[in-house]
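Structure file input_5.cif; described as mmCIF, C-alpha atoms.
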```
data_work
loop_
_atom_site.label_atom_id
_atom_site.label_comp_id
_atom_site.auth_asym_id
_atom_site.auth_seq_id
_atom_site.Cartn_x
_atom_site.Cartn_y
_atom_site.Cartn_z
CA MET P 1 -19.00 -5.20 -80.46
CA ASN P 2 -19.61 -8.72 -79.19
CA PRO P 3 -23.28 -9.06 -78.17
CA ALA P 4 -22.36 -12.11 -76.07
CA ALA P 5 -19.94 -10.11 -73.90
CA PRO P 6 -21.23 -8.72 -70.61
CA PRO P 7 -22.35 -5.07 -70.56
CA ALA P 8 -20.00 -2.28 -69.54
CA LEU P 9 -20.14 1.48 -68.96
CA LEU P 10 -17.91 4.42 -69.81
CA VAL P 11 -18.86 7.27 -67.46
CA LEU P 12 -17.35 10.74 -67.91
CA GLU P 13 -16.77 13.44 -65.32
CA ASP P 14 -19.52 15.62 -66.79
CA GLY P 15 -22.07 12.82 -66.48
CA ALA P 16 -22.01 11.63 -70.09
CA THR P 17 -22.43 7.85 -70.20
CA PHE P 18 -21.63 5.44 -73.03
CA ARG P 19 -22.90 1.88 -72.88
CA GLY P 20 -21.09 -0.99 -74.53
CA THR P 21 -19.68 -4.44 -73.94
CA ALA P 22 -16.81 -5.55 -71.73
CA TYR P 23 -13.40 -6.26 -73.20
CA GLY P 24 -10.12 -7.12 -71.51
CA ALA P 25 -10.08 -7.58 -67.73
CA GLU P 26 -13.27 -7.33 -65.69
CA GLY P 27 -13.41 -4.50 -63.18
CA GLU P 28 -13.23 -0.72 -63.08
CA ALA P 29 -10.61 1.62 -64.50
CA PHE P 30 -10.18 5.30 -63.68
CA GLY P 31 -8.20 7.99 -65.48
CA GLU P 32 -8.33 10.94 -67.81
CA VAL P 33 -10.16 9.92 -70.99
CA VAL P 34 -8.39 11.03 -74.19
CA PHE P 35 -8.54 10.04 -77.86
CA ASN P 36 -5.80 8.83 -80.20
CA THR P 37 -6.19 9.47 -83.94
CA GLY P 38 -3.63 6.89 -85.10
CA MET P 39 -4.81 4.32 -87.61
CA THR P 40 -2.11 1.87 -86.49
CA GLY P 41 0.13 1.20 -83.52
CA TYR P 42 -2.22 0.25 -80.70
CA GLN P 43 0.45 -1.96 -79.11
CA GLU P 44 2.92 0.93 -78.96
CA THR P 45 0.17 3.15 -77.59
CA LEU P 46 -0.71 0.71 -74.81
CA THR P 47 2.94 0.43 -73.71
CA ASP P 48 3.81 4.14 -73.98
CA PRO P 49 4.54 5.41 -70.43
CA SER P 50 3.14 8.82 -71.43
CA TYR P 51 -0.35 7.26 -71.12
CA ARG P 52 0.03 6.65 -67.40
CA ARG P 53 -3.34 7.25 -65.64
CA GLN P 54 -5.24 7.73 -68.90
CA ILE P 55 -8.13 5.93 -70.57
CA VAL P 56 -7.36 5.90 -74.27
CA ALA P 57 -10.08 5.86 -76.91
CA MET P 58 -8.93 4.81 -80.38
CA THR P 59 -10.65 6.68 -83.22
CA ALA P 60 -9.73 4.00 -85.76
CA PRO P 61 -12.77 1.69 -85.86
CA HIS P 62 -11.07 -1.72 -86.11
CA ILE P 63 -8.61 -2.59 -83.34
CA GLY P 64 -6.94 -5.90 -82.47
CA ASN P 65 -6.66 -7.42 -85.94
CA THR P 66 -2.85 -7.77 -85.76
CA GLY P 67 -2.88 -9.08 -82.19
CA ILE P 68 0.09 -8.55 -79.86
CA ASN P 69 3.67 -9.53 -80.65
CA ASP P 70 6.85 -9.69 -78.56
CA GLU P 71 8.80 -7.06 -80.51
CA ASP P 72 6.78 -3.84 -80.52
CA ASP P 73 6.38 -3.04 -76.83
CA GLU P 74 7.73 0.42 -75.97
CA SER P 75 8.30 -0.34 -72.29
CA ARG P 76 8.15 -3.09 -69.69
CA ARG P 77 4.34 -3.08 -69.30
CA ILE P 78 0.99 -1.64 -70.42
CA TRP P 79 0.53 1.82 -68.90
CA VAL P 80 -2.96 2.89 -69.97
CA SER P 81 -5.58 2.76 -67.22
CA GLY P 82 -8.31 1.68 -69.62
CA PHE P 83 -8.95 1.20 -73.33
CA VAL P 84 -11.93 2.19 -75.49
CA ILE P 85 -12.47 0.74 -78.97
CA ARG P 86 -15.30 0.43 -81.45
CA ASN P 87 -14.94 -2.95 -83.19
CA PRO P 88 -12.59 -5.42 -81.49
CA SER P 89 -11.34 -7.85 -84.08
CA PRO P 90 -12.67 -11.39 -83.53
CA VAL P 91 -9.59 -12.90 -85.19
CA VAL P 92 -5.84 -12.27 -85.20
CA SER P 93 -4.33 -12.36 -88.66
CA SER P 94 -0.67 -11.24 -88.34
CA TRP P 95 2.14 -13.76 -88.65
CA ARG P 96 3.98 -11.79 -85.96
CA ALA P 97 1.21 -12.13 -83.38
CA ALA P 98 1.91 -14.16 -80.24
CA ARG P 99 -1.51 -13.63 -78.63
CA SER P 100 -4.69 -11.61 -78.97
CA LEU P 101 -5.25 -8.08 -77.72
CA ASP P 102 -8.04 -9.30 -75.45
CA ASP P 103 -5.75 -11.89 -73.86
CA GLU P 104 -3.02 -9.27 -73.37
CA LEU P 105 -5.37 -6.84 -71.66
CA ARG P 106 -6.74 -9.58 -69.42
CA ALA P 107 -3.23 -10.70 -68.42
CA ALA P 108 -2.28 -7.11 -67.63
CA GLY P 109 -5.47 -6.45 -65.66
CA VAL P 110 -6.53 -3.62 -67.97
CA THR P 111 -10.26 -3.00 -68.23
CA ALA P 112 -11.58 -2.06 -71.68
CA ILE P 113 -14.90 -1.41 -73.37
CA ALA P 114 -16.25 -1.68 -76.92
CA ILE P 115 -18.77 1.03 -77.79
CA SER P 116 -20.46 1.92 -81.05
CA GLY P 117 -20.07 5.64 -80.37
CA THR P 118 -16.31 6.29 -80.46
CA ARG P 119 -16.97 9.10 -82.94
CA ALA P 120 -19.52 10.68 -80.60
CA LEU P 121 -17.08 10.31 -77.71
CA THR P 122 -14.30 12.00 -79.69
CA LEU P 123 -16.55 14.89 -80.68
CA HIS P 124 -17.66 15.23 -77.05
CA LEU P 125 -14.04 15.44 -75.86
CA ARG P 126 -13.12 17.91 -78.60
CA GLU P 127 -15.97 20.14 -77.47
CA ARG P 128 -15.75 19.68 -73.69
CA GLY P 129 -12.08 18.78 -73.31
CA ALA P 130 -10.31 15.77 -71.84
CA MET P 131 -11.75 14.85 -68.44
CA ARG P 132 -11.76 12.21 -65.74
CA ALA P 133 -13.70 9.05 -66.49
CA ALA P 134 -14.15 5.40 -65.62
CA ILE P 135 -14.82 2.13 -67.40
CA SER P 136 -16.88 -0.33 -65.37
CA SER P 137 -17.86 -3.89 -66.18
CA THR P 138 -18.93 -4.70 -62.63
CA GLY P 139 -22.64 -4.09 -63.12
CA ALA P 140 -22.55 -0.90 -61.01
CA GLU P 141 -25.10 1.83 -61.72
CA PRO P 142 -23.91 4.89 -63.69
CA GLU P 143 -24.55 7.19 -60.72
CA THR P 144 -22.35 5.05 -58.48
CA VAL P 145 -19.53 5.02 -61.02
CA ALA P 146 -19.90 8.78 -61.58
CA ALA P 147 -19.41 9.43 -57.86
CA ARG P 148 -16.17 7.44 -57.92
CA VAL P 149 -15.02 9.40 -61.00
CA GLN P 150 -15.55 12.66 -59.12
CA ALA P 151 -13.36 11.33 -56.31
CA SER P 152 -10.52 10.31 -58.62
CA PRO P 153 -7.35 12.47 -58.91
CA PRO P 154 -7.05 15.11 -61.68
CA MET P 155 -4.20 15.30 -64.18
CA ILE P 156 -3.26 18.88 -63.31
CA GLY P 157 -0.53 18.77 -60.70
CA ALA P 158 0.16 15.06 -61.24
CA ASP P 159 3.83 14.07 -60.95
CA LEU P 160 3.80 10.83 -62.92
CA ALA P 161 7.34 10.72 -64.33
CA ARG P 162 8.51 9.33 -60.99
CA GLU P 163 6.01 6.46 -61.35
CA VAL P 164 7.06 5.30 -64.82
CA THR P 165 10.81 5.92 -64.82
CA THR P 166 13.42 3.20 -64.61
CA PRO P 167 14.33 2.39 -60.99
CA GLU P 168 17.97 1.84 -61.91
CA PRO P 169 20.30 3.16 -64.65
CA TYR P 170 20.96 0.96 -67.67
CA VAL P 171 22.92 1.21 -70.90
CA VAL P 172 21.84 0.74 -74.52
CA THR P 173 24.81 0.15 -76.82
CA PRO P 174 25.07 0.45 -80.61
CA PRO P 175 24.24 -2.68 -82.63
CA PRO P 176 27.09 -4.92 -83.84
CA GLY P 177 29.25 -3.23 -86.44
CA VAL P 178 28.31 0.31 -85.38
CA PRO P 179 31.19 2.07 -83.56
CA VAL P 180 30.56 4.19 -80.49
CA ARG P 181 30.79 7.87 -81.43
CA PHE P 182 29.07 9.57 -78.51
CA ARG P 183 28.08 8.98 -74.91
CA VAL P 184 24.55 10.21 -74.22
CA ALA P 185 22.92 10.55 -70.81
CA ALA P 186 19.17 10.00 -71.33
CA VAL P 187 16.91 11.09 -68.47
CA ASP P 188 13.93 8.73 -68.40
CA LEU P 189 10.79 10.77 -67.74
CA GLY P 190 8.79 8.00 -69.46
CA ILE P 191 11.10 6.99 -72.28
CA LYS P 192 10.02 4.67 -75.10
CA ALA P 193 12.33 1.83 -76.11
CA ALA P 194 12.55 3.10 -79.68
CA THR P 195 14.29 6.30 -78.56
CA PRO P 196 17.55 4.92 -77.13
CA ALA P 197 17.48 2.38 -79.96
CA ALA P 198 17.34 5.20 -82.52
CA LEU P 199 20.26 6.95 -80.85
CA ALA P 200 22.22 3.70 -80.61
CA THR P 201 21.94 3.02 -84.34
CA ARG P 202 23.65 6.39 -84.84
CA GLY P 203 26.62 5.36 -82.72
CA CYS P 204 25.45 6.60 -79.33
CA GLU P 205 26.14 4.70 -76.13
CA VAL P 206 22.99 5.64 -74.22
CA HIS P 207 23.06 5.72 -70.42
CA VAL P 208 19.39 5.79 -69.34
CA LEU P 209 18.95 7.45 -65.94
CA PRO P 210 16.02 7.75 -63.50
CA ALA P 211 13.81 10.81 -63.80
CA THR P 212 15.03 12.35 -60.55
CA SER P 213 18.71 12.30 -61.52
CA THR P 214 20.41 15.56 -60.61
CA ALA P 215 22.57 17.64 -62.91
CA GLY P 216 25.57 16.47 -60.90
CA GLN P 217 24.69 12.81 -61.44
CA ILE P 218 24.08 13.41 -65.15
CA LEU P 219 27.28 15.35 -65.73
CA ALA P 220 29.30 12.79 -63.71
CA LEU P 221 28.97 10.50 -66.74
CA ASN P 222 30.94 13.06 -68.77
CA PRO P 223 28.38 12.80 -71.58
CA ASP P 224 28.77 14.28 -75.04
CA GLY P 225 25.08 15.15 -74.86
CA VAL P 226 22.05 14.89 -72.59
CA PHE P 227 18.59 13.77 -73.67
CA PHE P 228 15.33 14.42 -71.76
CA SER P 229 12.54 12.07 -72.80
CA ASN P 230 8.79 12.11 -73.17
CA GLY P 231 6.63 11.23 -70.19
CA PRO P 232 3.25 11.60 -68.47
CA GLY P 233 1.74 14.14 -66.13
CA ASP P 234 1.99 17.85 -65.51
CA PRO P 235 5.36 19.47 -66.30
CA ALA P 236 4.69 21.99 -63.52
CA ALA P 237 5.13 19.08 -61.08
CA CYS P 238 8.59 18.18 -62.43
CA ASP P 239 10.76 20.76 -60.65
CA TYR P 240 13.49 18.13 -60.23
CA ALA P 241 13.79 17.78 -64.02
CA VAL P 242 13.71 21.56 -64.48
CA ASP P 243 16.59 21.91 -62.03
CA ALA P 244 18.52 19.17 -63.82
CA ILE P 245 18.10 20.86 -67.20
CA ARG P 246 19.20 24.18 -65.77
CA GLY P 247 22.36 22.53 -64.47
CA VAL P 248 23.04 20.94 -67.85
CA LEU P 249 22.49 24.26 -69.64
CA ALA P 250 24.80 26.05 -67.21
CA ALA P 251 27.50 23.45 -67.92
CA GLY P 252 27.18 24.05 -71.67
CA VAL P 253 26.64 20.38 -72.52
CA PRO P 254 24.53 19.75 -75.67
CA MET P 255 20.91 18.95 -74.80
CA PHE P 256 17.96 17.53 -76.74
CA GLY P 257 14.45 17.01 -75.36
CA ILE P 258 11.15 15.69 -76.66
CA CYS P 259 7.55 16.03 -75.42
CA LEU P 260 7.68 16.33 -71.61
CA GLY P 261 11.39 17.02 -72.03
CA SER P 262 10.48 19.96 -74.27
CA GLN P 263 7.98 21.30 -71.74
CA VAL P 264 10.55 20.98 -68.95
CA LEU P 265 13.08 22.87 -71.09
CA GLY P 266 10.49 25.60 -71.58
CA ARG P 267 10.07 25.93 -67.83
CA ALA P 268 13.85 25.97 -67.37
CA LEU P 269 13.96 28.91 -69.78
CA GLY P 270 11.37 30.80 -67.75
CA LEU P 271 8.26 29.98 -69.78
CA GLY P 272 4.98 28.72 -68.41
CA THR P 273 3.13 25.54 -69.31
CA TYR P 274 -0.60 24.88 -69.50
CA LYS P 275 -3.06 22.06 -70.05
CA LEU P 276 -4.38 21.67 -73.58
CA ARG P 277 -8.12 21.37 -74.06
CA PHE P 278 -7.97 17.83 -75.43
CA GLY P 279 -4.30 17.34 -76.21
CA HIS P 280 -2.43 16.01 -79.22
CA ARG P 281 -2.40 12.24 -79.54
CA GLY P 282 -1.88 10.39 -82.79
CA ILE P 283 0.49 10.04 -85.72
CA ASN P 284 -0.82 12.73 -88.06
CA GLN P 285 0.00 16.08 -86.44
CA PRO P 286 1.31 18.72 -88.91
CA VAL P 287 4.20 20.75 -87.51
CA LYS P 288 5.93 23.66 -89.25
CA ASP P 289 9.62 24.48 -88.84
CA LEU P 290 9.62 28.29 -88.71
CA ARG P 291 13.24 28.46 -89.82
CA THR P 292 12.79 26.57 -93.08
CA GLY P 293 9.04 26.59 -93.72
CA LYS P 294 9.12 22.80 -93.97
CA VAL P 295 6.08 20.89 -92.67
CA GLN P 296 6.50 17.48 -91.06
CA ILE P 297 3.75 15.00 -90.18
CA THR P 298 4.59 13.89 -86.66
CA SER P 299 3.68 11.52 -83.85
CA HIS P 300 2.31 13.15 -80.68
CA ASN P 301 1.22 12.16 -77.21
CA HIS P 302 0.83 15.02 -74.74
CA GLY P 303 -1.84 16.93 -72.88
CA PHE P 304 0.26 19.94 -71.83
CA ALA P 305 2.17 22.56 -73.81
CA VAL P 306 4.66 25.40 -73.43
CA ALA P 307 3.09 28.86 -73.32
CA MET P 308 3.98 31.11 -76.24
CA PRO P 309 6.61 33.60 -75.05
CA ALA P 310 5.31 37.13 -74.60
CA GLY P 311 6.06 39.36 -77.55
CA THR P 312 6.70 36.58 -80.06
CA ALA P 313 4.75 36.14 -83.27
CA VAL P 314 3.19 32.80 -84.20
CA GLY P 315 4.39 31.61 -87.57
CA ALA P 316 6.93 34.41 -87.88
CA PRO P 317 9.98 33.91 -90.10
CA ALA P 318 13.38 33.71 -88.47
CA ASP P 319 13.78 37.51 -88.37
CA GLY P 320 13.76 37.85 -84.62
CA ALA P 321 9.99 38.02 -84.12
CA ASN P 322 9.95 34.50 -82.71
CA ARG P 323 12.82 35.13 -80.25
CA PHE P 324 12.80 35.79 -76.52
CA GLU P 325 15.40 36.38 -73.82
CA THR P 326 16.40 33.91 -71.09
CA GLU P 327 19.12 33.83 -68.44
CA PHE P 328 20.95 31.39 -70.72
CA GLY P 329 20.89 33.82 -73.64
CA PRO P 330 18.47 34.38 -76.51
CA ALA P 331 16.09 31.57 -77.41
CA GLU P 332 13.51 31.08 -80.12
CA VAL P 333 10.36 29.20 -80.95
CA THR P 334 11.39 26.89 -83.81
CA HIS P 335 8.22 24.89 -84.51
CA VAL P 336 4.45 25.37 -84.24
CA ASN P 337 1.50 23.05 -84.69
CA LEU P 338 -0.47 23.97 -87.80
CA ASN P 339 -3.75 22.76 -86.29
CA ASP P 340 -3.78 25.13 -83.32
CA SER P 341 -0.51 27.18 -83.35
CA VAL P 342 0.77 25.48 -80.18
CA VAL P 343 4.52 25.77 -79.54
CA GLU P 344 6.18 22.60 -80.84
CA GLY P 345 9.88 23.43 -80.66
CA LEU P 346 12.41 25.59 -78.81
CA ARG P 347 16.14 26.23 -78.99
CA LEU P 348 18.81 28.38 -77.43
CA VAL P 349 20.27 30.53 -80.20
CA ASN P 350 23.87 30.65 -78.96
CA ALA P 351 24.02 27.26 -77.24
CA SER P 352 23.64 23.59 -78.14
CA ALA P 353 20.21 23.02 -76.66
CA PHE P 354 16.93 22.33 -78.46
CA ALA P 355 13.70 20.40 -77.99
CA VAL P 356 10.51 19.46 -79.79
CA GLN P 357 7.10 18.47 -78.47
CA PHE P 358 6.71 15.45 -80.77
CA HIS P 359 8.20 11.98 -81.20
CA PRO P 360 11.05 11.68 -83.74
CA GLU P 361 11.44 7.97 -82.93
CA ALA P 362 8.05 7.39 -84.62
CA ALA P 363 6.88 4.37 -82.69
CA PRO P 364 4.29 4.30 -84.05
CA GLY P 365 4.10 7.00 -86.64
CA PRO P 366 5.71 8.65 -89.66
CA HIS P 367 9.48 9.07 -89.94
CA ASP P 368 9.50 12.70 -91.07
CA ALA P 369 11.22 13.88 -87.90
CA ALA P 370 13.82 11.10 -87.51
CA CYS P 371 16.41 13.56 -88.80
CA LEU P 372 16.33 15.28 -85.40
CA PHE P 373 18.43 12.45 -83.97
CA ASP P 374 20.97 13.18 -86.69
CA ALA P 375 20.80 16.87 -85.79
CA PHE P 376 21.55 15.99 -82.14
CA CYS P 377 24.59 13.97 -83.24
CA GLU P 378 25.78 16.89 -85.35
CA VAL P 379 25.42 19.23 -82.37
CA MET P 380 27.48 16.86 -80.21
CA GLU P 381 30.13 16.60 -82.92
CA ARG P 382 30.44 20.39 -83.22
CA ALA P 383 30.66 20.76 -79.44
CA ARG P 384 33.78 18.60 -79.24
#
```
Will you turn the file into structure tokens for me?
Amino acid sequence: MNPAAPPALLVLEDGATFRGTAYGAEGEAFGEVVFNTGMTGYQETLTDPSYRRQIVAMTAPHIGNTGINDEDDESRRIWVSGFVIRNPSPVVSSWRAARSLDDELRAAGVTAIAISGTRALTLHLRERGAMRAAISSTGAEPETVAARVQASPPMIGADLAREVTTPEPYVVTPPPGVPVRFRVAAVDLGIKAATPAALATRGCEVHVLPATSTAGQILALNPDGVFFSNGPGDPAACDYAVDAIRGVLAAGVPMFGICLGSQVLGRALGLGTYKLRFGHRGINQPVKDLRTGKVQITSHNHGFAVAMPAGTAVGAPADGANRFETEFGPAEVTHVNLNDSVVEGLRLVNASAFAVQFHPEAAPGPHDAACLFDAFCEVMERAR
């Protein structure tokens, strides 16, 4: 914390107040306060569209030391509403840095705060759950800020994919020397740049489409496969994406989804979704593949999850106990989170459709799950 910086407040919905010093742009920021357990990757976190309308607290104590570069952004802008850190670095020491984190936040108009109690904040959110909050560096009294927090919109019911999606379709082509093997229609519910790039390196010509694209518009591209991306907000508010997935499944076109795309697939298969107590956000989430027993350390960013199908057994081997019926045929839970047994993967047993609730593009994060892009390519190859 910089003692010379002006004072600032972080005020939570339940009245908890954390005092610190201002960082980034002066003003007030409102959103759902959540914590991210990643030790690295704050630039990718800031530019991840899945953080729309959220105040992100980093649990790693030292943030800003590598500055901001021009290569690691995951989208066209910073999406977080506010940023909470413990020790902002006073210097930038990376040869890749083009500017400091503080300068970037100021230019983007993002209000941040440095507090000594990020651990206390994280423990509070783990106990009480993610909740609405505000950062204020305006000199307002905590009671005044708290009243404005109470008037701010909740995350439940929020349709945010429409706010972050691309306004117009665009195409990402394979790098030089890599031949085009597949045409993929990627529905942008809040897609990160690393995802179409990962598909493109595997020979996919990726046609990125707006979130509200219909099944007819998607299938008009005659794709070899359809991808539904990550994104922010409540999956229960994304009926347009559910309808699109149902149309794709009915057409029998291979489909792969991640994060919000996984939750939307779950709803298309007749399952419910619900809000997690404090969500999964970070690059160290252990996920078990029920079919193989293999555990992968994965990158997560979501506050909602698919409800476990009735009659299935958590952690069951692939003997039918983890299967359930849908109008598209039998489906199964393929992955679970080892921290809390949350559903992390689904697939249709007799069709080419599957999804996971984590980030195989690993930006930032481990690369354990990158093989899922290869699996998608294999599914498209077999479907030909």
Near-P:Gln263 list (9 Å; all atoms listed in the file; drop same-chain fewer than 2 positions) as a list in words: Pro235, Ala236, Gly257, Ile258, Cys259, Leu260, Gly261, Leu265, Gly266, Arg267, Ala268, Leu271, Gly272, Thr273, Phe304, Ala305, Val306, Ala355, Val356 and Gln357 of chain P
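Considering the residues P:Thr40, P:Ser299, P:Ser137, P:Ser352 and counting all atoms listed in the file, P:Ala60 has its shortest atom-to-atom contact with P:Thr40.
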message: With all atoms listed in the file as the counted atoms, please give the residues lying no more than 10 Å from P:Ile245, apart from itself and same-chain residues fewer than 4 positions off, as a list of chain:residue names.
response: P:Val187, P:Thr214, P:Ala215, P:Ile218, P:Val226, P:Phe227, P:Phe228, P:Asp239, P:Tyr240, P:Ala241, P:Leu249, P:Ala250, P:Ala251, P:Met255, P:Gly257, P:Gly261, P:Val264, P:Leu265, P:Gly266, P:Arg267, P:Ala268, P:Leu269, P:Ala353
How would the residues just picked look written out with C-alpha atoms as a compact mmCIF listing (two decimals), in the frame of the given file?
```
# COMPACT_ATOMS: atom_id res chain seq x y z
CA VAL P 187 16.91 11.09 -68.47
CA THR P 214 20.41 15.56 -60.61
CA ALA P 215 22.57 17.64 -62.91
CA ILE P 218 24.08 13.41 -65.15
CA VAL P 226 22.05 14.89 -72.59
CA PHE P 227 18.59 13.77 -73.67
CA PHE P 228 15.33 14.42 -71.76
CA ASP P 239 10.76 20.76 -60.65
CA TYR P 240 13.49 18.13 -60.23
CA ALA P 241 13.79 17.78 -64.02
CA LEU P 249 22.49 24.26 -69.64
CA ALA P 250 24.80 26.05 -67.21
CA ALA P 251 27.50 23.45 -67.92
CA MET P 255 20.91 18.95 -74.80
CA GLY P 257 14.45 17.01 -75.36
CA GLY P 261 11.39 17.02 -72.03
CA VAL P 264 10.55 20.98 -68.95
CA LEU P 265 13.08 22.87 -71.09
CA GLY P 266 10.49 25.60 -71.58
CA ARG P 267 10.07 25.93 -67.83
CA ALA P 268 13.85 25.97 -67.37
CA LEU P 269 13.96 28.91 -69.78
CA ALA P 353 20.21 23.02 -76.66
```
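Taken over the shown file, the PyMOL selection byres ((chain P and resi 330-341) around 8) identifies Gln285, Pro286, Val287, Lys288, Asp289, Leu290, Arg291, Val314, Gly315, Asn322, Arg323, Phe324, Glu325, Thr326, Phe328, Gly329, Val342, Val343, Glu344, Gly345, Leu346, Arg347, Leu348, Val349, Asn350 and Val356 of chain P.
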Explicit residues for the PyMOL selection byres ((chain P and resi 184) around 9) (as an mmCIF file with C-alpha atoms, in the frame of the given file):
```
data_model
loop_
_atom_site.group_PDB
_atom_site.id
_atom_site.type_symbol
_atom_site.label_atom_id
_atom_site.label_comp_id
_atom_site.auth_asym_id
_atom_site.auth_seq_id
_atom_site.Cartn_x
_atom_site.Cartn_y
_atom_site.Cartn_z
ATOM 1 C CA PHE P 182 29.070 9.570 -78.510
ATOM 2 C CA ARG P 183 28.080 8.980 -74.910
ATOM 3 C CA ALA P 185 22.920 10.550 -70.810
ATOM 4 C CA ALA P 186 19.170 10.000 -71.330
ATOM 5 C CA LEU P 199 20.260 6.950 -80.850
ATOM 6 C CA CYS P 204 25.450 6.600 -79.330
ATOM 7 C CA GLU P 205 26.140 4.700 -76.130
ATOM 8 C CA VAL P 206 22.990 5.640 -74.220
ATOM 9 C CA HIS P 207 23.060 5.720 -70.420
ATOM 10 C CA VAL P 208 19.390 5.790 -69.340
ATOM 11 C CA LEU P 221 28.970 10.500 -66.740
ATOM 12 C CA ASN P 222 30.940 13.060 -68.770
ATOM 13 C CA PRO P 223 28.380 12.800 -71.580
ATOM 14 C CA ASP P 224 28.770 14.280 -75.040
ATOM 15 C CA GLY P 225 25.080 15.150 -74.860
ATOM 16 C CA VAL P 226 22.050 14.890 -72.590
ATOM 17 C CA PHE P 227 18.590 13.770 -73.670
#
```
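From atom CA of P:Gly82 back to atom CA of P:Ala29, the distance works out to 5.6 Å.
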message: I'd like the neighbourhood of P:Thr37 as number ranges by chain, where a residue qualifies if any of its atoms comes within 10 Å (using all atoms listed in the file), though same-chain residues fewer than 4 positions away should be ignored.
response: P: 57-60, 122, 280-285, 300
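Residues in contact with P:Thr195 at 10 Å, where all atoms listed in the file are counted and same-chain residues fewer than 2 positions away are skipped, are listed as P:Glu74, P:Ala186, P:Ile191, P:Lys192, P:Ala193, P:Ala197, P:Ala198, P:Leu199, P:Ala200, P:Val206, P:Phe227, P:Ser229, P:Asn230, P:His359, P:Pro360, P:Glu361, P:Ala362, P:Ala363, P:Phe373.
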query: Can you list what the PyMOL selection byres ((chain P and resi 126-129) around 9) grabs from this structure, as an MDAnalysis selection string?
result: chainID P and resid 14 34 121:125 130:131 276:279
With C-alpha atoms retained, could you export that selection as a CSV table (one decimal), in the frame of the given file?
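This is the output file part-v6.csv:
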```csv
chain,number,residue,atom,x,y,z
P,14,ASP,CA,-19.5,15.6,-66.8
P,34,VAL,CA,-8.4,11.0,-74.2
P,121,LEU,CA,-17.1,10.3,-77.7
P,122,THR,CA,-14.3,12.0,-79.7
P,123,LEU,CA,-16.6,14.9,-80.7
P,124,HIS,CA,-17.7,15.2,-77.0
P,125,LEU,CA,-14.0,15.4,-75.9
P,130,ALA,CA,-10.3,15.8,-71.8
P,131,MET,CA,-11.8,14.8,-68.4
P,276,LEU,CA,-4.4,21.7,-73.6
P,277,ARG,CA,-8.1,21.4,-74.1
P,278,PHE,CA,-8.0,17.8,-75.4
P,279,GLY,CA,-4.3,17.3,-76.2
```
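Residues in contact range of P:Ser50, defined as at most 9 Å between only C-alpha atoms, with sequence neighbours fewer than 3 positions away removed, read P:Thr45, P:Thr47, P:Arg53, P:Gln54, P:Trp79, P:Val80, P:Leu160, P:Ala161, P:Val164, P:Leu189, P:Gly190, P:Ile191, P:Lys192, P:Asn230, P:Gly231, P:Pro232, P:Gly233, P:Leu260, P:Asn301, P:His302.
Atom pair atom CA of P:Met39 / atom CA of P:Asp374: separated by 27.3 Å.
In terms of minimum interatomic distance to P:Glu44, P:Ser75 ranks closest within P:Thr212, P:Ser75, P:Thr166, P:Thr21, counting all atoms listed in the file.
Interatomic distance, atom CA of P:Asp48 to atom CA of P:Trp95: 23.2 Å.
In this comparison, which uses only C-alpha atoms, the residue of P:Pro175, P:Ile78, P:Glu71, P:Tyr23 approaching P:Pro49 most closely is P:Ile78.
For the residues P:Thr292, P:Thr66, P:Ser262, P:Ser136, ranking by smallest atom-to-atom distance to P:Asp102 using only C-alpha atoms places P:Thr66 first.
Candidate residues P:Ile68, P:Ala158, P:Ala112, P:Ala4 were compared for distance to P:Gly27, and the nearest is P:Ala112, using all atoms listed in the file.
All residues that come within 9 Å of the coordinates (-5.5, 12.3, -60.3), counting all atoms listed in the file, are given as P:Gly31, P:Glu32, P:Arg53, P:Arg132, P:Ala151, P:Ser152, P:Pro153, P:Pro154, P:Met155, P:Ile156, P:Gly157, P:Ala158.
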Output of the above residues as a compact mmCIF listing (two decimals), in the frame of the given file, restricted to C-alpha atoms:
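New file part.txt:
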```txt
# COMPACT_ATOMS: atom_id res chain seq x y z
CA GLY P 31 -8.20 7.99 -65.48
CA GLU P 32 -8.33 10.94 -67.81
CA ARG P 53 -3.34 7.25 -65.64
CA ARG P 132 -11.76 12.21 -65.74
CA ALA P 151 -13.36 11.33 -56.31
CA SER P 152 -10.52 10.31 -58.62
CA PRO P 153 -7.35 12.47 -58.91
CA PRO P 154 -7.05 15.11 -61.68
CA MET P 155 -4.20 15.30 -64.18
CA ILE P 156 -3.26 18.88 -63.31
CA GLY P 157 -0.53 18.77 -60.70
CA ALA P 158 0.16 15.06 -61.24
```
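Minimum atom-to-atom distance to P:Glu378, evaluated using only C-alpha atoms, belongs to P:Gly203 out of P:Pro169, P:Pro179, P:Gly203, P:Gly41.
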